[in-house]
file entry_17.cif (mmCIF, N, CA and C atoms)
data_final
loop_
_atom_site.label_atom_id
_atom_site.label_comp_id
_atom_site.auth_asym_id
_atom_site.auth_seq_id
_atom_site.Cartn_x
_atom_site.Cartn_y
_atom_site.Cartn_z
N GLN A 1 102.58 102.06 131.48
CA GLN A 1 101.95 102.97 130.52
C GLN A 1 103.01 103.51 129.57
N VAL A 2 102.64 103.66 128.31
CA VAL A 2 103.54 104.16 127.28
C VAL A 2 102.96 105.42 126.68
N GLN A 3 103.80 106.42 126.48
CA GLN A 3 103.40 107.64 125.78
C GLN A 3 104.26 107.81 124.54
N LEU A 4 103.62 108.21 123.45
CA LEU A 4 104.30 108.40 122.18
C LEU A 4 104.08 109.83 121.71
N VAL A 5 105.16 110.50 121.33
CA VAL A 5 105.07 111.89 120.89
C VAL A 5 105.75 112.03 119.54
N GLU A 6 104.97 112.44 118.54
CA GLU A 6 105.49 112.61 117.18
C GLU A 6 105.99 114.03 116.96
N SER A 7 106.92 114.16 116.03
CA SER A 7 107.40 115.47 115.61
C SER A 7 107.91 115.38 114.18
N GLY A 8 108.04 116.54 113.53
CA GLY A 8 108.65 116.59 112.21
C GLY A 8 107.70 116.74 111.05
N GLY A 9 106.41 116.81 111.30
CA GLY A 9 105.47 116.95 110.20
C GLY A 9 105.48 118.35 109.63
N GLY A 10 104.64 118.57 108.62
CA GLY A 10 104.53 119.90 108.04
C GLY A 10 104.13 119.86 106.59
N LEU A 11 104.39 120.97 105.91
CA LEU A 11 104.06 121.13 104.50
C LEU A 11 105.31 120.95 103.66
N VAL A 12 105.19 120.15 102.61
CA VAL A 12 106.32 119.91 101.72
C VAL A 12 105.81 119.83 100.28
N GLN A 13 106.63 120.22 99.35
CA GLN A 13 106.24 120.17 97.94
C GLN A 13 106.36 118.76 97.39
N PRO A 14 105.60 118.44 96.37
CA PRO A 14 105.74 117.12 95.73
C PRO A 14 107.18 116.87 95.30
N GLY A 15 107.65 115.65 95.56
CA GLY A 15 109.03 115.31 95.27
C GLY A 15 109.98 115.59 96.41
N GLY A 16 109.50 116.27 97.42
CA GLY A 16 110.34 116.63 98.55
C GLY A 16 110.47 115.51 99.57
N SER A 17 111.19 115.84 100.65
CA SER A 17 111.46 114.87 101.71
C SER A 17 111.07 115.45 103.06
N LEU A 18 110.79 114.54 103.98
CA LEU A 18 110.43 114.92 105.34
C LEU A 18 110.78 113.75 106.25
N LYS A 19 111.19 114.05 107.47
CA LYS A 19 111.50 112.99 108.42
C LYS A 19 110.65 113.15 109.67
N LEU A 20 109.91 112.10 109.99
CA LEU A 20 109.11 112.07 111.20
C LEU A 20 109.88 111.36 112.31
N SER A 21 109.69 111.84 113.52
CA SER A 21 110.29 111.21 114.68
C SER A 21 109.21 110.91 115.71
N CYS A 22 109.42 109.84 116.47
CA CYS A 22 108.48 109.48 117.53
C CYS A 22 109.30 109.06 118.74
N ALA A 23 109.09 109.77 119.84
CA ALA A 23 109.78 109.45 121.09
C ALA A 23 108.82 108.72 122.01
N ALA A 24 109.27 107.59 122.51
CA ALA A 24 108.46 106.78 123.42
C ALA A 24 108.96 106.91 124.84
N SER A 25 108.04 107.08 125.77
CA SER A 25 108.40 107.10 127.19
C SER A 25 107.65 106.00 127.91
N GLY A 26 108.21 105.54 129.02
CA GLY A 26 107.62 104.42 129.73
C GLY A 26 108.48 103.18 129.54
N ILE A 27 107.91 102.04 129.89
CA ILE A 27 108.66 100.78 129.78
C ILE A 27 108.48 100.22 128.37
N ILE A 28 109.60 100.07 127.67
CA ILE A 28 109.59 99.53 126.32
C ILE A 28 110.24 98.15 126.37
N PHE A 29 109.54 97.14 125.86
CA PHE A 29 110.05 95.79 125.84
C PHE A 29 110.70 95.48 124.50
N SER A 30 111.65 94.56 124.53
CA SER A 30 112.34 94.19 123.30
C SER A 30 111.40 93.54 122.29
N SER A 31 110.28 93.03 122.75
CA SER A 31 109.32 92.40 121.84
C SER A 31 108.34 93.39 121.22
N ASP A 32 108.38 94.64 121.67
CA ASP A 32 107.45 95.64 121.12
C ASP A 32 107.78 95.95 119.67
N VAL A 33 106.75 96.03 118.86
CA VAL A 33 106.89 96.44 117.47
C VAL A 33 106.45 97.90 117.37
N MET A 34 107.25 98.72 116.74
CA MET A 34 106.90 100.12 116.56
C MET A 34 106.65 100.40 115.08
N GLY A 35 105.81 101.38 114.84
CA GLY A 35 105.50 101.65 113.44
C GLY A 35 104.79 102.97 113.25
N TRP A 36 104.45 103.21 112.00
CA TRP A 36 103.73 104.42 111.59
C TRP A 36 102.50 104.02 110.80
N TYR A 37 101.41 104.68 111.12
CA TYR A 37 100.16 104.55 110.38
C TYR A 37 99.80 105.94 109.86
N ARG A 38 98.88 105.98 108.90
CA ARG A 38 98.39 107.27 108.43
C ARG A 38 96.91 107.18 108.10
N GLN A 39 96.28 108.34 108.23
CA GLN A 39 94.85 108.41 107.96
C GLN A 39 94.56 109.69 107.20
N ALA A 40 94.07 109.53 105.99
CA ALA A 40 93.65 110.67 105.18
C ALA A 40 92.18 110.96 105.46
N PRO A 41 91.72 112.17 105.18
CA PRO A 41 90.32 112.51 105.44
C PRO A 41 89.36 111.55 104.74
N GLY A 42 88.41 111.02 105.51
CA GLY A 42 87.41 110.13 104.95
C GLY A 42 87.87 108.72 104.71
N LYS A 43 89.11 108.41 105.12
CA LYS A 43 89.65 107.07 104.89
C LYS A 43 90.02 106.41 106.21
N GLN A 44 90.26 105.12 106.17
CA GLN A 44 90.64 104.40 107.37
C GLN A 44 92.12 104.60 107.66
N ARG A 45 92.50 104.28 108.88
CA ARG A 45 93.90 104.38 109.28
C ARG A 45 94.63 103.12 108.78
N ASP A 46 95.69 103.32 108.03
CA ASP A 46 96.41 102.21 107.41
C ASP A 46 97.88 102.19 107.84
N LEU A 47 98.43 101.00 107.87
CA LEU A 47 99.85 100.85 108.17
C LEU A 47 100.70 101.46 107.06
N VAL A 48 101.72 102.21 107.47
CA VAL A 48 102.71 102.73 106.53
C VAL A 48 103.96 101.85 106.60
N ALA A 49 104.47 101.67 107.80
CA ALA A 49 105.67 100.85 107.99
C ALA A 49 105.78 100.46 109.45
N SER A 50 106.42 99.31 109.69
CA SER A 50 106.67 98.87 111.06
C SER A 50 108.06 98.27 111.16
N ILE A 51 108.57 98.20 112.39
CA ILE A 51 109.92 97.70 112.60
C ILE A 51 110.00 97.02 113.96
N THR A 52 110.69 95.88 113.99
CA THR A 52 110.91 95.17 115.25
C THR A 52 112.22 95.65 115.89
N THR A 53 112.45 95.21 117.11
CA THR A 53 113.70 95.57 117.77
C THR A 53 114.90 95.01 117.01
N GLY A 54 114.70 93.87 116.38
CA GLY A 54 115.78 93.25 115.62
C GLY A 54 116.01 93.87 114.26
N GLY A 55 115.18 94.83 113.89
CA GLY A 55 115.37 95.52 112.62
C GLY A 55 114.54 94.99 111.47
N GLY A 56 113.67 94.03 111.73
CA GLY A 56 112.79 93.54 110.69
C GLY A 56 111.75 94.59 110.34
N THR A 57 111.57 94.83 109.05
CA THR A 57 110.68 95.90 108.61
C THR A 57 109.56 95.38 107.72
N ASN A 58 108.50 96.17 107.68
CA ASN A 58 107.35 95.87 106.83
C ASN A 58 106.84 97.19 106.31
N TYR A 59 106.59 97.27 104.99
CA TYR A 59 106.13 98.51 104.37
C TYR A 59 104.86 98.29 103.58
N ALA A 60 104.03 99.32 103.55
CA ALA A 60 102.91 99.32 102.62
C ALA A 60 103.46 99.39 101.20
N ASP A 61 102.78 98.74 100.27
CA ASP A 61 103.26 98.73 98.89
C ASP A 61 103.40 100.15 98.34
N SER A 62 102.52 101.03 98.76
CA SER A 62 102.48 102.39 98.21
C SER A 62 103.70 103.22 98.60
N VAL A 63 104.46 102.80 99.62
CA VAL A 63 105.60 103.60 100.06
C VAL A 63 106.94 102.89 99.88
N LYS A 64 106.91 101.66 99.43
CA LYS A 64 108.16 100.91 99.23
C LYS A 64 109.08 101.64 98.27
N GLY A 65 110.34 101.74 98.66
CA GLY A 65 111.32 102.43 97.83
C GLY A 65 111.36 103.93 98.05
N ARG A 66 110.39 104.46 98.76
CA ARG A 66 110.35 105.91 99.01
C ARG A 66 110.51 106.24 100.50
N PHE A 67 109.97 105.40 101.35
CA PHE A 67 110.02 105.63 102.80
C PHE A 67 110.96 104.63 103.45
N THR A 68 111.62 105.07 104.52
CA THR A 68 112.49 104.18 105.29
C THR A 68 112.20 104.36 106.77
N ILE A 69 111.91 103.25 107.44
CA ILE A 69 111.67 103.29 108.87
C ILE A 69 112.93 102.83 109.59
N SER A 70 113.22 103.47 110.72
CA SER A 70 114.37 103.08 111.52
C SER A 70 114.01 103.25 113.00
N ARG A 71 114.86 102.67 113.83
CA ARG A 71 114.54 102.64 115.25
C ARG A 71 115.81 102.76 116.08
N SER A 72 115.72 103.48 117.18
CA SER A 72 116.84 103.58 118.12
C SER A 72 116.39 103.02 119.46
N ALA A 73 116.94 101.88 119.83
CA ALA A 73 116.60 101.29 121.11
C ALA A 73 117.12 102.15 122.26
N ALA A 74 118.27 102.76 122.05
CA ALA A 74 118.87 103.59 123.11
C ALA A 74 118.02 104.80 123.43
N LYS A 75 117.38 105.35 122.39
CA LYS A 75 116.57 106.55 122.57
C LYS A 75 115.08 106.25 122.67
N ASN A 76 114.73 104.95 122.58
CA ASN A 76 113.30 104.59 122.56
C ASN A 76 112.56 105.42 121.52
N ALA A 77 113.10 105.44 120.32
CA ALA A 77 112.52 106.27 119.27
C ALA A 77 112.39 105.49 117.97
N VAL A 78 111.46 105.94 117.15
CA VAL A 78 111.29 105.39 115.81
C VAL A 78 111.17 106.56 114.85
N TYR A 79 111.71 106.36 113.65
CA TYR A 79 111.77 107.43 112.67
C TYR A 79 111.17 106.96 111.34
N LEU A 80 110.69 107.92 110.57
CA LEU A 80 110.21 107.62 109.23
C LEU A 80 110.78 108.67 108.28
N GLN A 81 111.73 108.24 107.47
CA GLN A 81 112.29 109.12 106.44
C GLN A 81 111.45 108.96 105.18
N MET A 82 110.85 110.06 104.76
CA MET A 82 109.96 110.04 103.60
C MET A 82 110.59 110.84 102.47
N SER A 83 110.71 110.22 101.31
CA SER A 83 111.29 110.88 100.14
C SER A 83 110.34 110.72 98.96
N SER A 84 110.61 111.51 97.92
CA SER A 84 109.76 111.48 96.72
C SER A 84 108.29 111.56 97.08
N LEU A 85 107.98 112.49 97.95
CA LEU A 85 106.61 112.59 98.46
C LEU A 85 105.63 112.99 97.37
N LYS A 86 104.43 112.43 97.49
CA LYS A 86 103.35 112.67 96.52
C LYS A 86 102.16 113.28 97.24
N PRO A 87 101.30 113.98 96.51
CA PRO A 87 100.11 114.55 97.16
C PRO A 87 99.28 113.49 97.89
N GLU A 88 99.27 112.28 97.36
CA GLU A 88 98.48 111.22 98.02
C GLU A 88 99.09 110.73 99.32
N ASP A 89 100.27 111.20 99.67
CA ASP A 89 100.86 110.90 100.97
C ASP A 89 100.32 111.83 102.06
N THR A 90 99.54 112.83 101.65
CA THR A 90 98.96 113.76 102.62
C THR A 90 98.03 113.02 103.57
N ALA A 91 98.28 113.18 104.86
CA ALA A 91 97.50 112.47 105.88
C ALA A 91 97.99 112.89 107.27
N VAL A 92 97.24 112.46 108.26
CA VAL A 92 97.75 112.53 109.63
C VAL A 92 98.51 111.23 109.90
N TYR A 93 99.73 111.36 110.34
CA TYR A 93 100.58 110.20 110.59
C TYR A 93 100.62 109.93 112.10
N TYR A 94 100.42 108.67 112.45
CA TYR A 94 100.38 108.26 113.84
C TYR A 94 101.51 107.28 114.15
N CYS A 95 102.18 107.54 115.24
CA CYS A 95 103.16 106.59 115.76
C CYS A 95 102.43 105.51 116.55
N ASN A 96 102.90 104.29 116.41
CA ASN A 96 102.24 103.15 117.05
C ASN A 96 103.27 102.25 117.73
N LEU A 97 102.89 101.75 118.90
CA LEU A 97 103.66 100.71 119.58
C LEU A 97 102.71 99.55 119.85
N ARG A 98 103.10 98.37 119.41
CA ARG A 98 102.23 97.20 119.54
C ARG A 98 102.92 96.16 120.41
N ARG A 99 102.18 95.68 121.43
CA ARG A 99 102.65 94.57 122.25
C ARG A 99 101.48 93.64 122.52
N TRP A 100 101.74 92.56 123.23
CA TRP A 100 100.72 91.53 123.37
C TRP A 100 99.49 92.04 124.11
N THR A 101 99.65 93.10 124.89
CA THR A 101 98.50 93.64 125.65
C THR A 101 97.67 94.61 124.83
N GLY A 102 98.18 95.05 123.67
CA GLY A 102 97.43 95.99 122.85
C GLY A 102 98.29 97.05 122.21
N ASP A 103 97.64 98.08 121.69
CA ASP A 103 98.31 99.15 120.95
C ASP A 103 98.35 100.44 121.76
N TYR A 104 99.44 101.17 121.55
CA TYR A 104 99.56 102.54 122.03
C TYR A 104 99.71 103.44 120.81
N TRP A 105 99.12 104.65 120.91
CA TRP A 105 99.13 105.58 119.78
C TRP A 105 99.62 106.95 120.21
N GLY A 106 100.30 107.62 119.28
CA GLY A 106 100.60 109.02 119.47
C GLY A 106 99.40 109.85 119.12
N GLN A 107 99.53 111.17 119.27
CA GLN A 107 98.41 112.06 119.03
C GLN A 107 98.22 112.35 117.54
N GLY A 108 99.21 112.01 116.75
CA GLY A 108 99.12 112.23 115.31
C GLY A 108 99.77 113.54 114.90
N ILE A 109 100.31 113.56 113.69
CA ILE A 109 100.95 114.75 113.17
C ILE A 109 100.62 114.88 111.69
N GLN A 110 100.32 116.11 111.28
CA GLN A 110 99.89 116.35 109.90
C GLN A 110 101.08 116.41 108.95
N VAL A 111 100.95 115.72 107.83
CA VAL A 111 101.88 115.83 106.72
C VAL A 111 101.07 116.22 105.50
N THR A 112 101.43 117.34 104.90
CA THR A 112 100.73 117.83 103.72
C THR A 112 101.71 117.98 102.57
N VAL A 113 101.40 117.32 101.45
CA VAL A 113 102.25 117.40 100.25
C VAL A 113 101.47 118.18 99.20
N SER A 114 101.95 119.38 98.94
CA SER A 114 101.23 120.26 98.03
C SER A 114 102.17 121.32 97.49
N SER A 115 101.88 121.74 96.26
CA SER A 115 102.66 122.83 95.68
C SER A 115 101.97 124.17 95.92
#
call {"tool": "encode", "arguments": {"input": "entry_17.cif", "output": "structure tokens"}}
result
Amino acid sequence: QVQLVESGGGLVQPGGSLKLSCAASGIIFSSDVMGWYRQAPGKQRDLVASITTGGGTNYADSVKGRFTISRSAAKNAVYLQMSSLKPEDTAVYYCNLRRWTGDYWGQGIQVTVSS
């Protein structure tokens, strides 16, 4: 069983920065892909960014050049550095771990971009 706990969300002004962290507990395999999804009110949950153990990354077009995902194998953690934030980045952000048996999700953390 895997548990994911997010931290670092909050309120930030447009143009500001915020860093999300996700700590994973349980057995983590080298083949697991970790990532971040987000869900705005009334919308579906969409991929923001993902990263493999080897450092391969994938980003949504809307965040390319503004967000950076990173991962620490030693700490079983994944991070999302968000810069140049826009009001449309406002959403609940979910940490995700994907393996061949299925997905694990964190409880979600609110990020609000507003002046």
call {"tool": "atom_distance", "arguments": {"input": "entry_17.cif", "atom1": "atom CA of A:Asn76", "atom2": "atom CA of A:Val113"}}
result
28.0 Å
call {"tool": "closest_residue", "arguments": {"input": "entry_17.cif", "among": "A:Leu80, A:Leu11, A:Leu85, A:Leu20", "to": "A:Ala49", "atoms": "only C-alpha atoms"}}
result
A:Leu80
call {"tool": "atom_distance", "arguments": {"input": "entry_17.cif", "atom1": "atom C of A:Gln3", "atom2": "atom N of A:Gly54"}}
result
19.2 Å
call {"tool": "closest_residue", "arguments": {"input": "entry_17.cif", "among": "A:Val33, A:Leu4, A:Cys22, A:Val12", "to": "A:Lys75", "atoms": "only N, CA and C atoms"}}
result
A:Cys22
call {"tool": "closest_residue", "arguments": {"input": "entry_17.cif", "among": "A:Gly65, A:Gly56, A:Trp36, A:Met82", "to": "A:Gly16", "atoms": "only N, CA and C atoms"}}
result
A:Met82
call {"tool": "resolve_selection", "arguments": {"input": "entry_17.cif", "expression": "the PyMOL selection byres ((chain A and resi 1) around 6.5)", "output": "PDB file with N, CA and C atoms, in the frame of the given file"}}
result
ATOM      1  N   VAL A   2     102.640 103.660 128.310  1.00  0.00           N
ATOM      2  CA  VAL A   2     103.540 104.160 127.280  1.00  0.00           C
ATOM      3  C   VAL A   2     102.960 105.420 126.680  1.00  0.00           C
ATOM      4  N   GLN A   3     103.800 106.420 126.480  1.00  0.00           N
ATOM      5  CA  GLN A   3     103.400 107.640 125.780  1.00  0.00           C
ATOM      6  C   GLN A   3     104.260 107.810 124.540  1.00  0.00           C
ATOM      7  N   SER A  25     108.040 107.080 125.770  1.00  0.00           N
ATOM      8  CA  SER A  25     108.400 107.100 127.190  1.00  0.00           C
ATOM      9  C   SER A  25     107.650 106.000 127.910  1.00  0.00           C
ATOM     10  N   GLY A  26     108.210 105.540 129.020  1.00  0.00           N
ATOM     11  CA  GLY A  26     107.620 104.420 129.730  1.00  0.00           C
ATOM     12  C   GLY A  26     108.480 103.180 129.540  1.00  0.00           C
ATOM     13  N   ILE A  27     107.910 102.040 129.890  1.00  0.00           N
ATOM     14  CA  ILE A  27     108.660 100.780 129.780  1.00  0.00           C
ATOM     15  C   ILE A  27     108.480 100.220 128.370  1.00  0.00           C
TER      16      ILE A  27
END
call {"tool": "axis_aligned_box", "arguments": {"input": "entry_17.cif", "around": "stretch 84-100 of chain A", "padding_each_side": "4 Å", "output": "AutoDock Vina command-line options"}}
result
--center_x 103.9 --center_y 103.0 --center_z 110.3 --size_x 21.4 --size_y 31.0 --size_z 35.6
call {"tool": "resolve_selection", "arguments": {"input": "entry_17.cif", "expression": "the PyMOL selection byres ((chain A and resi 106) around 7)", "output": "JSON, numbers by chain"}}
result
{"A": [3, 4, 5, 6, 94, 95, 96, 97, 104, 105, 107, 108, 109]}
call {"tool": "write_last_selection", "arguments": {"input": "entry_17.cif", "atoms": "N, CA and C atoms", "output": "mmCIF file, in the frame of the given file"}}
result
data_model
loop_
_atom_site.group_PDB
_atom_site.id
_atom_site.type_symbol
_atom_site.label_atom_id
_atom_site.label_comp_id
_atom_site.auth_asym_id
_atom_site.auth_seq_id
_atom_site.Cartn_x
_atom_site.Cartn_y
_atom_site.Cartn_z
ATOM 1 N N GLN A 3 103.800 106.420 126.480
ATOM 2 C CA GLN A 3 103.400 107.640 125.780
ATOM 3 C C GLN A 3 104.260 107.810 124.540
ATOM 4 N N LEU A 4 103.620 108.210 123.450
ATOM 5 C CA LEU A 4 104.300 108.400 122.180
ATOM 6 C C LEU A 4 104.080 109.830 121.710
ATOM 7 N N VAL A 5 105.160 110.500 121.330
ATOM 8 C CA VAL A 5 105.070 111.890 120.890
ATOM 9 C C VAL A 5 105.750 112.030 119.540
ATOM 10 N N GLU A 6 104.970 112.440 118.540
ATOM 11 C CA GLU A 6 105.490 112.610 117.180
ATOM 12 C C GLU A 6 105.990 114.030 116.960
ATOM 13 N N TYR A 94 100.420 108.670 112.450
ATOM 14 C CA TYR A 94 100.380 108.260 113.840
ATOM 15 C C TYR A 94 101.510 107.280 114.150
ATOM 16 N N CYS A 95 102.180 107.540 115.240
ATOM 17 C CA CYS A 95 103.160 106.590 115.760
ATOM 18 C C CYS A 95 102.430 105.510 116.550
ATOM 19 N N ASN A 96 102.900 104.290 116.410
ATOM 20 C CA ASN A 96 102.240 103.150 117.050
ATOM 21 C C ASN A 96 103.270 102.250 117.730
ATOM 22 N N LEU A 97 102.890 101.750 118.900
ATOM 23 C CA LEU A 97 103.660 100.710 119.580
ATOM 24 C C LEU A 97 102.710 99.550 119.850
ATOM 25 N N TYR A 104 99.440 101.170 121.550
ATOM 26 C CA TYR A 104 99.560 102.540 122.030
ATOM 27 C C TYR A 104 99.710 103.440 120.810
ATOM 28 N N TRP A 105 99.120 104.650 120.910
ATOM 29 C CA TRP A 105 99.130 105.580 119.780
ATOM 30 C C TRP A 105 99.620 106.950 120.210
ATOM 31 N N GLN A 107 99.530 111.170 119.270
ATOM 32 C CA GLN A 107 98.410 112.060 119.030
ATOM 33 C C GLN A 107 98.220 112.350 117.540
ATOM 34 N N GLY A 108 99.210 112.010 116.750
ATOM 35 C CA GLY A 108 99.120 112.230 115.310
ATOM 36 C C GLY A 108 99.770 113.540 114.900
ATOM 37 N N ILE A 109 100.310 113.560 113.690
ATOM 38 C CA ILE A 109 100.950 114.750 113.170
ATOM 39 C C ILE A 109 100.620 114.880 111.690
#
call {"tool": "residues_near_point", "arguments": {"input": "entry_17.cif", "point": "(99.7, 103.4, 109.0)", "cutoff": "8 Å", "atoms": "only N, CA and C atoms", "output": "list in words"}}
result
Gly35, Trp36, Tyr37, Arg38, Gln39, Gln44, Arg45, Asp46, Leu47, Val48, Ala49, Ser50, Val92, Tyr93, Tyr94 and Cys95 of chain A
call {"tool": "resolve_selection", "arguments": {"input": "entry_17.cif", "expression": "the PyMOL selection byres ((chain A and resi 114) around 8)", "output": "list in words"}}
result
Gly10, Leu11, Val12, Gln13, Pro14, Gly15, Leu85, Lys86, Pro87, Glu88, Thr90, Val111, Thr112, Val113 and Ser115 of chain A
call {"tool": "write_last_selection", "arguments": {"input": "entry_17.cif", "atoms": "N, CA and C atoms", "output": "PDB file, keeping the file's coordinate frame"}}
result
ATOM      1  N   GLY A  10     104.640 118.570 108.620  1.00  0.00           N
ATOM      2  CA  GLY A  10     104.530 119.900 108.040  1.00  0.00           C
ATOM      3  C   GLY A  10     104.130 119.860 106.590  1.00  0.00           C
ATOM      4  N   LEU A  11     104.390 120.970 105.910  1.00  0.00           N
ATOM      5  CA  LEU A  11     104.060 121.130 104.500  1.00  0.00           C
ATOM      6  C   LEU A  11     105.310 120.950 103.660  1.00  0.00           C
ATOM      7  N   VAL A  12     105.190 120.150 102.610  1.00  0.00           N
ATOM      8  CA  VAL A  12     106.320 119.910 101.720  1.00  0.00           C
ATOM      9  C   VAL A  12     105.810 119.830 100.280  1.00  0.00           C
ATOM     10  N   GLN A  13     106.630 120.220  99.350  1.00  0.00           N
ATOM     11  CA  GLN A  13     106.240 120.170  97.940  1.00  0.00           C
ATOM     12  C   GLN A  13     106.360 118.760  97.390  1.00  0.00           C
ATOM     13  N   PRO A  14     105.600 118.440  96.370  1.00  0.00           N
ATOM     14  CA  PRO A  14     105.740 117.120  95.730  1.00  0.00           C
ATOM     15  C   PRO A  14     107.180 116.870  95.300  1.00  0.00           C
ATOM     16  N   GLY A  15     107.650 115.650  95.560  1.00  0.00           N
ATOM     17  CA  GLY A  15     109.030 115.310  95.270  1.00  0.00           C
ATOM     18  C   GLY A  15     109.980 115.590  96.410  1.00  0.00           C
ATOM     19  N   LEU A  85     107.980 112.490  97.950  1.00  0.00           N
ATOM     20  CA  LEU A  85     106.610 112.590  98.460  1.00  0.00           C
ATOM     21  C   LEU A  85     105.630 112.990  97.370  1.00  0.00           C
ATOM     22  N   LYS A  86     104.430 112.430  97.490  1.00  0.00           N
ATOM     23  CA  LYS A  86     103.350 112.670  96.520  1.00  0.00           C
ATOM     24  C   LYS A  86     102.160 113.280  97.240  1.00  0.00           C
ATOM     25  N   PRO A  87     101.300 113.980  96.510  1.00  0.00           N
ATOM     26  CA  PRO A  87     100.110 114.550  97.160  1.00  0.00           C
ATOM     27  C   PRO A  87      99.280 113.490  97.890  1.00  0.00           C
ATOM     28  N   GLU A  88      99.270 112.280  97.360  1.00  0.00           N
ATOM     29  CA  GLU A  88      98.480 111.220  98.020  1.00  0.00           C
ATOM     30  C   GLU A  88      99.090 110.730  99.320  1.00  0.00           C
ATOM     31  N   THR A  90      99.540 112.830 101.650  1.00  0.00           N
ATOM     32  CA  THR A  90      98.960 113.760 102.620  1.00  0.00           C
ATOM     33  C   THR A  90      98.030 113.020 103.570  1.00  0.00           C
ATOM     34  N   VAL A 111     100.950 115.720 107.830  1.00  0.00           N
ATOM     35  CA  VAL A 111     101.880 115.830 106.720  1.00  0.00           C
ATOM     36  C   VAL A 111     101.070 116.220 105.500  1.00  0.00           C
ATOM     37  N   THR A 112     101.430 117.340 104.900  1.00  0.00           N
ATOM     38  CA  THR A 112     100.730 117.830 103.720  1.00  0.00           C
ATOM     39  C   THR A 112     101.710 117.980 102.570  1.00  0.00           C
ATOM     40  N   VAL A 113     101.400 117.320 101.450  1.00  0.00           N
ATOM     41  CA  VAL A 113     102.250 117.400 100.250  1.00  0.00           C
ATOM     42  C   VAL A 113     101.470 118.180  99.200  1.00  0.00           C
ATOM     43  N   SER A 115     101.880 121.740  96.260  1.00  0.00           N
ATOM     44  CA  SER A 115     102.660 122.830  95.680  1.00  0.00           C
ATOM     45  C   SER A 115     101.970 124.170  95.920  1.00  0.00           C
TER      46      SER A 115
END
call {"tool": "closest_residue", "arguments": {"input": "entry_17.cif", "among": "A:Ala73, A:Thr53, A:Ser84, A:Ser17", "to": "A:Ser31", "atoms": "all atoms listed in the file"}}
result
A:Thr53
call {"tool": "closest_residue", "arguments": {"input": "entry_17.cif", "among": "A:Lys64, A:Asn58, A:Gly9, A:Ser21", "to": "A:Ala91", "atoms": "only C-alpha atoms"}}
result
A:Gly9
call {"tool": "atom_distance", "arguments": {"input": "entry_17.cif", "atom1": "atom CA of A:Ile28", "atom2": "atom N of A:Gly8"}}
result
21.3 Å
call {"tool": "residues_around", "arguments": {"input": "entry_17.cif", "residues": "A:Arg98", "least_positions_apart": "4", "cutoff": "5 Å", "atoms": "only N, CA and C atoms", "output": "NGL selection string"}}
result
:A and (32-34 or 102-103)
call {"tool": "write_last_selection", "arguments": {"input": "entry_17.cif", "atoms": "N, CA and C atoms", "output": "CSV table (one decimal), in the frame of the given file"}}
result
chain,number,residue,atom,x,y,z
A,32,ASP,N,108.4,94.6,121.7
A,32,ASP,CA,107.4,95.6,121.1
A,32,ASP,C,107.8,96.0,119.7
A,33,VAL,N,106.8,96.0,118.9
A,33,VAL,CA,106.9,96.4,117.5
A,33,VAL,C,106.4,97.9,117.4
A,34,MET,N,107.2,98.7,116.7
A,34,MET,CA,106.9,100.1,116.6
A,34,MET,C,106.6,100.4,115.1
A,102,GLY,N,98.2,95.0,123.7
A,102,GLY,CA,97.4,96.0,122.8
A,102,GLY,C,98.3,97.0,122.2
A,103,ASP,N,97.6,98.1,121.7
A,103,ASP,CA,98.3,99.2,121.0
A,103,ASP,C,98.4,100.4,121.8
call {"tool": "closest_residue", "arguments": {"input": "entry_17.cif", "among": "A:Ile69, A:Tyr59, A:Ala24, A:Ala40", "to": "A:Gln81", "atoms": "only N, CA and C atoms"}}
result
A:Ile69
